[in-house]
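Pasting coords.tsv here (TSV, C-alpha atoms):
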```
chain	number	residue	atom	x	y	z
A	259	MET	CA	101.02	342.73	331.74
A	260	THR	CA	103.81	340.92	333.63
A	261	GLY	CA	106.09	343.85	332.82
A	262	ALA	CA	103.66	346.14	334.64
A	263	GLU	CA	103.42	343.74	337.59
A	264	ASP	CA	107.20	343.65	337.89
A	265	TRP	CA	107.28	347.41	337.75
A	266	LEU	CA	104.59	347.66	340.45
A	267	ALA	CA	106.46	345.19	342.66
A	268	GLY	CA	109.56	347.33	342.19
A	269	LEU	CA	107.54	350.40	343.17
A	270	VAL	CA	106.35	348.74	346.41
A	271	ARG	CA	109.94	347.88	347.36
A	272	ALA	CA	111.12	351.38	346.48
A	273	LEU	CA	108.32	353.03	348.47
A	274	HIS	CA	109.24	350.90	351.49
A	275	ARG	CA	112.87	351.92	351.12
A	276	GLU	CA	111.71	355.55	351.07
A	277	ASN	CA	109.80	354.90	354.32
A	278	VAL	CA	106.42	355.66	352.80
A	279	ASP	CA	103.87	354.22	355.23
A	280	GLY	CA	101.51	351.40	354.33
A	281	TRP	CA	98.42	353.49	353.84
A	282	HIS	CA	100.02	355.95	351.42
A	283	CYS	CA	101.78	353.08	349.71
A	284	ASP	CA	98.45	351.33	349.08
A	285	GLN	CA	96.88	354.55	347.80
A	286	VAL	CA	99.72	355.25	345.37
A	287	LEU	CA	99.82	351.67	344.20
A	288	ALA	CA	96.07	351.40	343.61
A	289	GLU	CA	96.04	354.60	341.62
A	290	VAL	CA	99.07	353.70	339.49
A	291	ARG	CA	97.67	350.22	338.87
A	292	GLN	CA	94.36	351.70	337.81
A	293	HIS	CA	96.06	354.14	335.48
A	294	LEU	CA	98.24	351.52	333.82
A	295	GLY	CA	95.33	349.10	333.47
A	296	GLU	CA	93.13	351.63	331.77
A	297	SER	CA	95.68	353.47	329.65
A	298	GLY	CA	97.67	350.41	328.66
A	299	GLU	CA	100.76	352.64	328.87
A	300	ASP	CA	104.24	351.35	329.50
A	301	PRO	CA	104.96	352.01	333.20
A	302	PHE	CA	108.48	353.25	332.49
A	303	ALA	CA	107.23	355.75	329.92
A	304	ALA	CA	104.36	356.94	332.12
A	305	PHE	CA	106.02	356.99	335.55
A	306	GLY	CA	109.74	356.55	334.95
A	307	ALA	CA	111.76	353.99	336.90
A	308	PRO	CA	110.05	352.71	340.07
A	309	GLU	CA	112.84	354.13	342.27
A	310	GLN	CA	112.50	357.52	340.60
A	311	TYR	CA	108.73	357.67	341.06
A	312	ALA	CA	109.00	356.45	344.67
A	313	ARG	CA	111.42	359.33	345.34
A	314	VAL	CA	108.95	361.82	343.86
A	315	VAL	CA	106.14	360.41	346.03
A	316	ALA	CA	108.27	360.37	349.19
A	317	GLY	CA	109.55	363.90	348.57
A	318	GLU	CA	106.00	364.98	348.09
A	319	LEU	CA	104.90	363.51	351.41
A	320	ALA	CA	107.92	364.85	353.27
A	321	GLY	CA	107.38	368.33	351.85
A	322	ASP	CA	103.96	368.15	353.44
A	323	GLY	CA	105.42	369.11	356.82
A	324	GLY	CA	104.94	372.76	355.99
A	325	PRO	CA	104.41	375.45	358.56
A	326	PRO	CA	102.83	374.28	361.82
A	327	SER	CA	99.10	374.58	361.85
A	328	VAL	CA	97.67	377.84	363.09
A	329	SER	CA	94.12	376.58	362.80
A	330	PRO	CA	92.08	376.73	366.00
A	331	PRO	CA	92.23	373.48	367.96
A	332	LEU	CA	89.31	371.07	367.59
A	333	LEU	CA	89.98	369.97	371.16
A	334	ALA	CA	91.20	372.39	373.82
A	335	VAL	CA	91.86	371.31	377.39
A	336	GLU	CA	92.68	374.22	379.67
A	337	GLY	CA	93.83	373.93	383.26
A	338	VAL	CA	91.85	370.79	383.97
A	339	ALA	CA	92.11	369.49	387.56
A	340	LYS	CA	90.45	366.51	389.15
A	341	SER	CA	90.69	364.86	392.55
A	342	PHE	CA	89.22	361.65	393.85
A	343	ARG	CA	88.71	361.81	397.62
A	344	ARG	CA	91.80	363.75	398.63
A	345	HIS	CA	94.02	362.39	395.91
A	346	ARG	CA	94.76	364.86	393.13
A	347	VAL	CA	94.78	362.92	389.85
A	348	LEU	CA	94.97	365.78	387.35
A	349	ASP	CA	96.47	369.12	388.19
A	350	GLY	CA	96.21	371.93	385.66
A	351	VAL	CA	96.38	369.86	382.50
A	352	ASP	CA	96.57	371.70	379.15
A	353	LEU	CA	96.27	370.09	375.74
A	354	ARG	CA	95.42	371.50	372.35
A	355	VAL	CA	94.84	369.29	369.34
A	356	ALA	CA	94.16	370.87	365.94
A	357	ALA	CA	92.69	369.31	362.83
A	358	GLY	CA	95.16	366.84	361.37
A	359	GLU	CA	97.05	366.30	364.60
A	360	VAL	CA	97.57	363.25	366.77
A	361	ALA	CA	98.31	363.67	370.47
A	362	ALA	CA	99.51	360.79	372.64
A	363	VAL	CA	98.69	360.75	376.35
A	364	VAL	CA	101.25	358.73	378.30
A	365	GLY	CA	102.07	358.11	381.94
A	366	PRO	CA	102.13	355.34	384.54
A	367	ASN	CA	99.01	353.63	385.85
A	368	GLY	CA	96.95	355.94	388.00
A	369	ALA	CA	98.36	359.07	386.35
A	370	GLY	CA	94.85	360.03	385.24
A	371	LYS	CA	95.01	359.17	381.52
A	372	SER	CA	91.57	357.56	381.40
A	373	THR	CA	90.12	360.21	383.71
A	374	LEU	CA	91.34	362.93	381.34
A	375	LEU	CA	89.69	361.23	378.38
A	376	ARG	CA	86.45	360.75	380.29
A	377	ILE	CA	86.47	364.45	381.09
A	378	CYS	CA	87.16	365.30	377.43
A	379	ALA	CA	84.26	363.03	376.43
A	380	GLY	CA	81.99	364.86	378.85
A	381	LEU	CA	81.39	361.79	381.01
A	382	GLU	CA	82.96	363.38	384.03
A	383	SER	CA	83.26	366.98	385.19
A	384	PRO	CA	86.59	368.53	386.07
A	385	ASP	CA	86.99	370.22	389.47
A	386	ALA	CA	88.61	373.13	387.65
A	387	GLY	CA	89.45	374.15	384.10
A	388	ARG	CA	87.51	373.50	380.95
A	389	VAL	CA	87.32	371.43	377.78
A	390	THR	CA	86.17	372.80	374.42
A	391	VAL	CA	85.33	370.52	371.50
A	392	HIS	CA	84.55	371.72	367.96
A	393	GLY	CA	82.63	369.23	365.85
A	394	GLY	CA	81.52	365.69	366.52
A	395	LEU	CA	83.22	363.56	369.12
A	396	GLY	CA	83.99	359.84	369.10
A	397	TYR	CA	85.10	358.15	372.31
A	398	CYS	CA	86.58	354.70	372.57
A	399	PRO	CA	86.61	353.65	376.24
A	400	GLN	CA	89.25	351.29	377.58
A	401	GLN	CA	86.62	348.66	378.31
A	402	PRO	CA	84.35	348.08	375.30
A	403	ALA	CA	80.76	349.04	376.08
A	404	LEU	CA	78.96	346.46	373.97
A	405	VAL	CA	75.65	344.64	374.09
A	406	ASP	CA	76.63	340.97	374.13
A	407	LEU	CA	73.43	339.67	372.54
A	408	LEU	CA	73.57	341.99	369.52
A	409	ARG	CA	75.56	341.45	366.35
A	410	ALA	CA	78.28	343.85	365.17
A	411	ASP	CA	76.07	345.34	362.44
A	412	GLU	CA	73.32	345.94	364.98
A	413	HIS	CA	75.85	347.93	366.97
A	414	PHE	CA	76.54	349.94	363.79
A	415	ASP	CA	72.77	350.60	363.49
A	416	LEU	CA	72.48	351.78	367.08
A	417	VAL	CA	75.51	354.02	367.24
A	418	GLY	CA	74.93	355.25	363.67
A	419	ALA	CA	71.35	356.23	364.54
A	420	GLY	CA	72.69	358.27	367.44
A	421	ARG	CA	74.88	360.14	364.97
A	422	GLY	CA	72.16	360.73	362.42
A	423	MET	CA	73.16	357.98	360.00
A	424	GLY	CA	70.71	355.75	358.18
A	425	ARG	CA	70.95	352.03	358.73
A	426	ALA	CA	72.49	351.20	355.34
A	427	GLU	CA	74.98	354.04	355.67
A	428	ALA	CA	75.95	352.99	359.19
A	429	ARG	CA	76.47	349.37	358.15
A	430	ARG	CA	78.52	350.33	355.12
A	431	ALA	CA	80.69	352.73	357.14
A	432	GLY	CA	81.08	350.14	359.90
A	433	ALA	CA	82.13	347.42	357.48
A	434	GLU	CA	84.57	349.80	355.82
A	435	LEU	CA	86.22	350.77	359.11
A	436	ALA	CA	86.29	347.12	360.20
A	437	ALA	CA	88.05	346.16	356.97
A	438	ARG	CA	90.77	348.72	357.69
A	439	LEU	CA	91.41	346.86	360.93
A	440	ASP	CA	91.46	343.63	358.96
A	441	TRP	CA	88.19	342.42	360.44
A	442	VAL	CA	85.11	341.17	358.58
A	443	PRO	CA	82.12	341.31	360.96
A	444	ASP	CA	79.99	338.16	360.93
A	445	ARG	CA	76.52	337.42	362.26
A	446	ARG	CA	77.56	336.14	365.70
A	447	PRO	CA	76.37	337.98	368.78
A	448	VAL	CA	79.33	340.02	369.95
A	449	GLY	CA	79.36	338.15	373.28
A	450	GLU	CA	80.94	335.28	371.35
A	451	LEU	CA	83.76	337.35	369.85
A	452	SER	CA	87.36	337.28	371.05
A	453	GLY	CA	88.67	340.11	373.20
A	454	GLY	CA	90.70	341.52	370.31
A	455	THR	CA	87.73	341.52	367.95
A	456	ARG	CA	85.51	343.16	370.56
A	457	GLN	CA	88.15	345.84	370.87
A	458	LYS	CA	88.11	346.38	367.09
A	459	LEU	CA	84.34	346.84	367.26
A	460	ASN	CA	84.95	349.32	370.04
A	461	VAL	CA	87.26	351.36	367.78
A	462	VAL	CA	84.88	351.16	364.82
A	463	LEU	CA	81.98	352.42	366.93
A	464	ALA	CA	84.02	355.39	368.16
A	465	ALA	CA	84.88	356.36	364.59
A	466	LEU	CA	81.45	355.77	363.05
A	467	GLY	CA	80.03	358.89	361.44
A	468	ASP	CA	83.50	360.45	361.00
A	469	PRO	CA	83.62	362.59	364.15
A	470	ALA	CA	86.07	365.51	364.04
A	471	VAL	CA	87.60	364.59	367.40
A	472	LEU	CA	88.55	361.03	368.32
A	473	LEU	CA	89.43	359.99	371.86
A	474	LEU	CA	90.95	356.53	372.02
A	475	ASP	CA	91.77	355.01	375.41
A	476	GLU	CA	94.36	352.24	374.90
A	477	PRO	CA	92.15	350.84	372.17
A	478	TYR	CA	94.40	348.01	371.08
A	479	GLN	CA	94.39	345.73	374.14
A	480	GLY	CA	94.07	342.18	372.88
A	481	PHE	CA	95.23	343.13	369.37
A	482	ASP	CA	97.92	340.94	367.87
A	483	GLY	CA	101.01	342.57	366.35
A	484	GLU	CA	99.46	342.86	362.91
A	485	SER	CA	96.25	344.43	364.22
A	486	PHE	CA	98.30	346.84	366.31
A	487	LEU	CA	100.01	348.10	363.15
A	488	ASP	CA	96.68	348.24	361.28
A	489	PHE	CA	95.32	350.34	364.11
A	490	TRP	CA	98.16	352.86	363.90
A	491	GLU	CA	97.90	353.02	360.12
A	492	GLN	CA	94.27	353.97	360.70
A	493	VAL	CA	95.34	356.67	363.14
A	494	TRP	CA	97.66	358.22	360.51
A	495	HIS	CA	94.82	357.99	358.02
A	496	TRP	CA	92.54	359.92	360.39
A	497	ARG	CA	95.26	362.50	360.79
A	498	ASP	CA	95.50	362.87	356.99
A	499	GLU	CA	91.74	363.31	356.88
A	500	GLY	CA	92.09	366.29	359.20
A	501	ARG	CA	90.73	364.81	362.39
A	502	ALA	CA	92.03	365.60	365.86
A	503	VAL	CA	93.04	362.32	367.50
A	504	VAL	CA	94.00	361.66	371.12
A	505	VAL	CA	95.41	358.24	371.93
A	506	VAL	CA	96.15	357.01	375.43
A	507	THR	CA	99.06	354.64	375.14
A	508	HIS	CA	101.76	353.00	377.18
A	509	ARG	CA	103.60	351.77	374.12
A	510	PRO	CA	106.52	353.94	373.05
A	511	GLU	CA	106.79	352.68	369.44
A	512	GLN	CA	104.64	355.30	367.80
A	513	LEU	CA	105.54	358.34	369.89
A	514	LYS	CA	108.09	359.55	367.37
A	515	ARG	CA	105.36	360.03	364.79
A	516	VAL	CA	102.72	361.83	366.84
A	517	ASP	CA	102.39	365.61	366.85
A	518	ALA	CA	102.29	366.08	370.62
A	519	VAL	CA	102.97	363.99	373.71
A	520	LEU	CA	101.21	364.76	376.98
A	521	ASP	CA	103.09	362.96	379.75
A	522	LEU	CA	100.88	362.83	382.82
A	523	GLY	CA	103.70	361.17	384.75
A	524	ARG	CA	105.65	364.42	384.64
A	525	GLN	CA	102.81	366.68	383.79
A	526	ARG	CA	104.46	369.98	384.56
A	527	VAL	CA	107.45	369.31	382.37
A	528	GLY	CA	105.99	367.51	379.40
A	529	ALA	CA	102.50	368.91	379.09
A	530	GLY	CA	101.68	369.71	375.50
A	531	GLU	CA	105.34	369.60	374.54
A	532	ARG	CA	105.88	369.33	370.82
A	533	SER	CA	107.68	366.17	369.87
A	534	ARG	CA	108.55	367.30	366.38
B	498	MET	CA	100.54	379.02	346.42
B	499	PRO	CA	100.19	377.66	342.89
B	500	ARG	CA	103.85	378.16	342.13
B	501	HIS	CA	105.20	375.88	344.83
B	502	LEU	CA	102.62	373.24	343.94
B	503	LEU	CA	104.70	372.38	340.94
B	504	ASP	CA	108.18	372.83	342.37
B	505	GLY	CA	110.22	369.69	342.17
B	506	ALA	CA	107.81	367.91	339.87
B	507	GLU	CA	109.76	366.26	337.15
B	508	LEU	CA	107.76	367.09	334.14
B	509	TYR	CA	107.92	364.42	331.48
B	510	SER	CA	110.11	362.32	333.73
B	511	GLY	CA	111.02	359.12	332.00
B	512	ALA	CA	109.86	360.33	328.61
B	513	THR	CA	112.26	361.54	325.97
B	514	ILE	CA	111.80	365.08	324.78
B	515	PRO	CA	112.88	365.59	321.21
B	516	GLY	CA	113.86	369.10	320.32
B	517	MET	CA	113.81	372.54	321.85
B	518	ALA	CA	110.23	373.39	320.93
B	519	ASP	CA	108.78	370.50	322.95
B	520	ASP	CA	111.09	371.38	325.83
B	521	ARG	CA	109.79	374.94	325.82
B	522	ARG	CA	106.18	373.79	325.79
B	523	ALA	CA	106.97	371.51	328.72
B	524	GLN	CA	108.35	374.53	330.56
B	525	TRP	CA	105.20	376.50	329.84
B	526	LEU	CA	102.99	373.67	331.00
B	527	ARG	CA	105.05	373.27	334.17
B	528	GLY	CA	103.86	376.68	335.31
B	529	VAL	CA	100.18	376.07	334.74
B	530	LEU	CA	99.61	372.32	334.89
B	531	ASP	CA	98.16	372.46	338.40
B	532	LEU	CA	95.72	375.16	337.30
B	533	CYS	CA	94.76	373.17	334.21
B	534	VAL	CA	94.13	370.10	336.37
B	535	LEU	CA	92.10	372.21	338.77
B	536	ALA	CA	90.06	373.67	335.92
B	537	GLU	CA	89.46	370.24	334.44
B	538	LEU	CA	88.15	369.02	337.79
B	539	GLU	CA	85.98	372.11	338.08
B	540	ARG	CA	84.25	371.01	334.89
B	541	GLY	CA	83.38	367.79	336.68
B	542	GLU	CA	84.64	365.17	339.10
B	543	SER	CA	87.17	362.91	337.42
B	544	TYR	CA	90.00	360.46	338.04
B	545	GLY	CA	93.68	360.53	337.10
B	546	TYR	CA	93.57	358.93	333.70
B	547	GLY	CA	90.37	360.82	332.84
B	548	VAL	CA	92.13	364.11	333.57
B	549	ALA	CA	95.17	363.02	331.52
B	550	ARG	CA	92.98	362.24	328.53
B	551	ALA	CA	91.02	365.47	328.83
B	552	LEU	CA	94.22	367.54	328.92
B	553	GLU	CA	95.52	365.69	325.88
B	554	GLU	CA	92.28	366.35	324.02
B	555	LEU	CA	92.71	370.02	324.86
B	556	GLY	CA	96.00	369.86	322.99
B	557	LEU	CA	98.23	370.15	326.05
B	558	GLY	CA	100.10	367.06	324.97
B	559	PRO	CA	100.43	363.79	326.82
B	560	VAL	CA	100.84	364.37	330.55
B	561	PRO	CA	102.56	361.28	331.95
B	562	GLY	CA	101.23	359.70	335.14
B	563	GLY	CA	104.55	360.34	336.85
B	564	THR	CA	103.86	364.06	336.49
B	565	LEU	CA	100.10	364.11	336.90
B	566	TYR	CA	99.62	362.09	340.12
B	567	PRO	CA	102.11	364.08	342.19
B	568	VAL	CA	100.25	367.23	341.11
B	569	LEU	CA	96.93	365.68	342.15
B	570	GLY	CA	98.51	364.66	345.46
B	571	ARG	CA	99.78	368.17	346.09
B	572	LEU	CA	96.46	369.78	345.20
B	573	GLU	CA	94.73	367.37	347.56
B	574	ARG	CA	97.09	368.07	350.45
B	575	ALA	CA	96.59	371.79	349.86
B	576	GLU	CA	92.86	371.01	350.16
B	577	LEU	CA	92.13	372.51	346.76
B	578	ILE	CA	90.65	369.17	345.71
B	579	ARG	CA	89.39	366.13	347.60
B	580	SER	CA	89.19	362.50	346.61
B	581	ARG	CA	87.13	359.38	347.04
B	582	TRP	CA	87.41	355.83	345.76
B	583	VAL	CA	84.61	354.73	343.48
B	584	ASP	CA	84.04	351.17	342.30
B	585	SER	CA	84.17	350.98	338.53
B	586	ALA	CA	82.02	348.59	336.53
B	587	ALA	CA	85.02	347.29	334.65
B	588	GLY	CA	88.28	346.83	336.49
B	589	PRO	CA	89.67	348.14	339.78
B	590	PRO	CA	88.17	351.09	341.71
B	591	ARG	CA	89.08	354.60	340.62
B	592	LYS	CA	90.16	357.47	342.80
B	593	TYR	CA	87.92	360.37	341.85
B	594	TYR	CA	88.85	363.97	342.53
B	595	ALA	CA	86.60	367.00	342.91
B	596	VAL	CA	87.39	370.68	343.45
B	597	THR	CA	86.77	372.15	346.91
B	598	ALA	CA	85.38	375.63	347.52
B	599	GLU	CA	88.95	376.73	348.25
B	600	GLY	CA	90.06	375.28	344.92
B	601	THR	CA	87.33	377.12	343.05
B	602	ALA	CA	88.28	380.38	344.75
B	603	LEU	CA	91.96	379.95	343.95
B	604	LEU	CA	91.16	379.04	340.37
B	605	ALA	CA	89.05	382.16	339.93
B	606	ARG	CA	91.94	384.35	341.14
B	607	GLU	CA	94.61	382.58	339.13
B	608	ARG	CA	92.49	382.45	335.99
B	609	ALA	CA	92.35	386.25	335.97
B	610	GLU	CA	96.09	386.47	336.72
B	611	TRP	CA	96.89	384.11	333.87
B	612	ALA	CA	94.69	385.98	331.41
B	613	ALA	CA	96.46	389.22	332.26
B	614	PHE	CA	99.87	387.57	331.96
B	615	ALA	CA	99.08	385.86	328.66
B	616	ASP	CA	97.84	389.18	327.38
B	617	ARG	CA	101.11	390.88	328.28
B	618	VAL	CA	103.13	388.12	326.64
B	619	GLY	CA	100.92	388.47	323.58
B	620	THR	CA	101.66	392.19	323.48
B	621	ALA	CA	105.37	391.59	323.92
B	622	LEU	CA	105.41	389.07	321.08
B	623	ALA	CA	103.16	391.04	318.76
B	624	VAL	CA	104.45	391.94	315.34
B	625	GLY	CA	105.47	395.61	315.50
B	626	ALA	CA	102.54	397.17	313.74
B	627	GLY	CA	102.05	400.15	316.07
B	628	ARG	CA	105.63	401.31	316.49
```

Can the structure from this file be put into structure tokens for me?
Amino acid sequence: MTGAEDWLAGLVRALHRENVDGWHCDQVLAEVRQHLGESGEDPFAAFGAPEQYARVVAGELAGDGGPPSVSPPLLAVEGVAKSFRRHRVLDGVDLRVAAGEVAAVVGPNGAGKSTLLRICAGLESPDAGRVTVHGGLGYCPQQPALVDLLRADEHFDLVGAGRGMGRAEARRAGAELAARLDWVPDRRPVGELSGGTRQKLNVVLAALGDPAVLLLDEPYQGFDGESFLDFWEQVWHWRDEGRAVVVVTHRPEQLKRVDAVLDLGRQRVGAGERSR
Amino acid sequence: MPRHLLDGAELYSGATIPGMADDRRAQWLRGVLDLCVLAELERGESYGYGVARALEELGLGPVPGGTLYPVLGRLERAELIRSRWVDSAAGPPRKYYAVTAEGTALLARERAEWAAFADRVGTALAVGAGR
């Protein structure tokens, strides 16, 4: 089967050249590998040259752009305003995020990014305006809210129970999400975990039970470069699954790929502006 | 919708096609492969190679992976089917596909359309007994 392995290695290189992202690349690869293993077919006969098949896959994914979604937003923020003492933090903020869309919330410190997410999560009331959420909601606060004496899987139990999941289901889903962030939970109390690992748990808990709307407040603090990329791959995966995702970020790298950027630093100009 | 699902798919890419007759059958299949895949999945959840084998057993000829998986991908993105990975007893996990309610509805419509079309072609090709 070394011929097949060579062919698969060629496919990986070709997919990278075609800018197919890691998650799709893994999916395609796993499926092709499975097919070749079971059918015993010659990869060239079944799929053509690796470059040729990579082009088909990439064309496929690019053609996916299609018409912009007209589906009703899963998250709608309309005219939200909020002041603390006499300082106006949010002033008439609008944001609509439909199924299968990722919105980035950017802006300098104190621009109200976290406040907006807390309002969306229902933890704080706006002075004016309203927030509508369709479906389940997962919220990942900037500071992980964890119980230091409990293990990671006990966190899965707790949060899963709150979302109507059985214990086994919650643990399996938790472990699966953790693995996507390249983390294997162990039996240590989470108080002993590193900051980055605690943050991964924070993300996993927000996503447990597959909520339709995900609010992530700078969820990658303490992540190393690799984990940062894993995290964004996961975000694109959620988008493909049809979730509405809002990410507060001060990192510009991924803004080109999101569906909308809400810039609270220049709210009036950039609010809800389409970036692609 | 079903027409554009197949646009750009290179049917039998990488395989040699001897003769006109096979080429014509490939052209026919090009127009209905997505529906055949959909129908196969309506008969039961299955994975790529399983679908390929089933279509071959139905006499639709070998459908190479390079043709089949892009069709599955397109059907999935159109939300006519959905997928999940399932561990297999022997070997690597398989990606299983199942028809969605939308897929079933589309199949019902297109099935009727195809029957009517095939009927008309049958009439057009019929030996001239009546006239």

Give me the residues of chain A that have any atom at most 7 Å from an atom of chain B; for each, the nearest atom pair and the distance in Å, rounded to one decimal. Use all atoms listed in the file, sort by chain and number, and format it as CSV.
```
residue,atom,partner,partner_atom,distance
A:Glu289,CA,B:Lys592,CA,6.6
A:Gln292,CA,B:Pro589,CA,6.2
A:His293,CA,B:Tyr546,CA,5.7
A:Phe302,CA,B:Gly511,CA,6.4
A:Ala303,CA,B:Ala512,CA,5.4
A:Ala304,CA,B:Pro561,CA,4.7
A:Phe305,CA,B:Gly563,CA,3.9
A:Gly306,CA,B:Gly511,CA,4.1
A:Tyr311,CA,B:Gly563,CA,6.5
A:Val315,CA,B:Pro567,CA,6.7
```

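Computed from the coordinates, the CA of Asp517 in chain A to CA of Val461 in chain A distance equals 20.8 Å.
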
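Interatomic distance, CA of Phe414 in chain A against CA of Leu463 in chain A: 6.8 Å.
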
Identify, on the basis of only C-alpha atoms, every residue whose closest approach to Val278 in chain A does not exceed 9 Å; exclude the query and any residue fewer than 5 positions from it along the same chain; express the result as a PDB file with C-alpha atoms, in the coordinates of the input.
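File written: around-v3.pdb
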```
ATOM      1  CA  ALA A 272     111.120 351.380 346.480  1.00  0.00           C
ATOM      2  CA  LEU A 273     108.320 353.030 348.470  1.00  0.00           C
ATOM      3  CA  CYS A 283     101.780 353.080 349.710  1.00  0.00           C
ATOM      4  CA  ALA A 312     109.000 356.450 344.670  1.00  0.00           C
ATOM      5  CA  VAL A 315     106.140 360.410 346.030  1.00  0.00           C
ATOM      6  CA  ALA A 316     108.270 360.370 349.190  1.00  0.00           C
ATOM      7  CA  LEU A 319     104.900 363.510 351.410  1.00  0.00           C
TER       8      LEU A 319
END
```

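Interatomic distance, CA of Leu520 in chain A to CA of Gly380 in chain A: 19.3 Å.
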
**Report entry** Close residues, range 530-533 of chain B itself excluded, 12 Å, only C-alpha atoms, min 4 positions apart in chain, as a VMD selection string
**Finding:** chain B and resid 498 to 504 506 508 to 509 522 to 526 537 to 540 548 to 549 551 to 553 555 to 561 564 to 573 575 577 to 578 596 600 to 611

Report task. Using all atoms listed in the file, find the one residue out of A:Ala410, A:Val314, A:Ala267, A:Leu435 that sits nearest to Arg456 in chain A. Result -> A:Ala410

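Proximity to Ala361 in chain A was assessed for A:Asp475, A:Asp468, A:Glu499, A:Asp300 counting all atoms listed in the file; the smallest distance is recorded for A:Asp475.
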
**Report entry** Contacts of range 331-347 of chain A at 6 Å (only C-alpha atoms; same-chain gap of 5+ positions) as an MDAnalysis selection string
**Finding:** chainID A and resid 352:356 370 384:392

Query raised in the report: So, counting all atoms listed in the file, which residue among A:Cys398, A:Leu522, A:Glu450, A:Glu484 is closest to Leu466 in chain A?
Result: A:Cys398
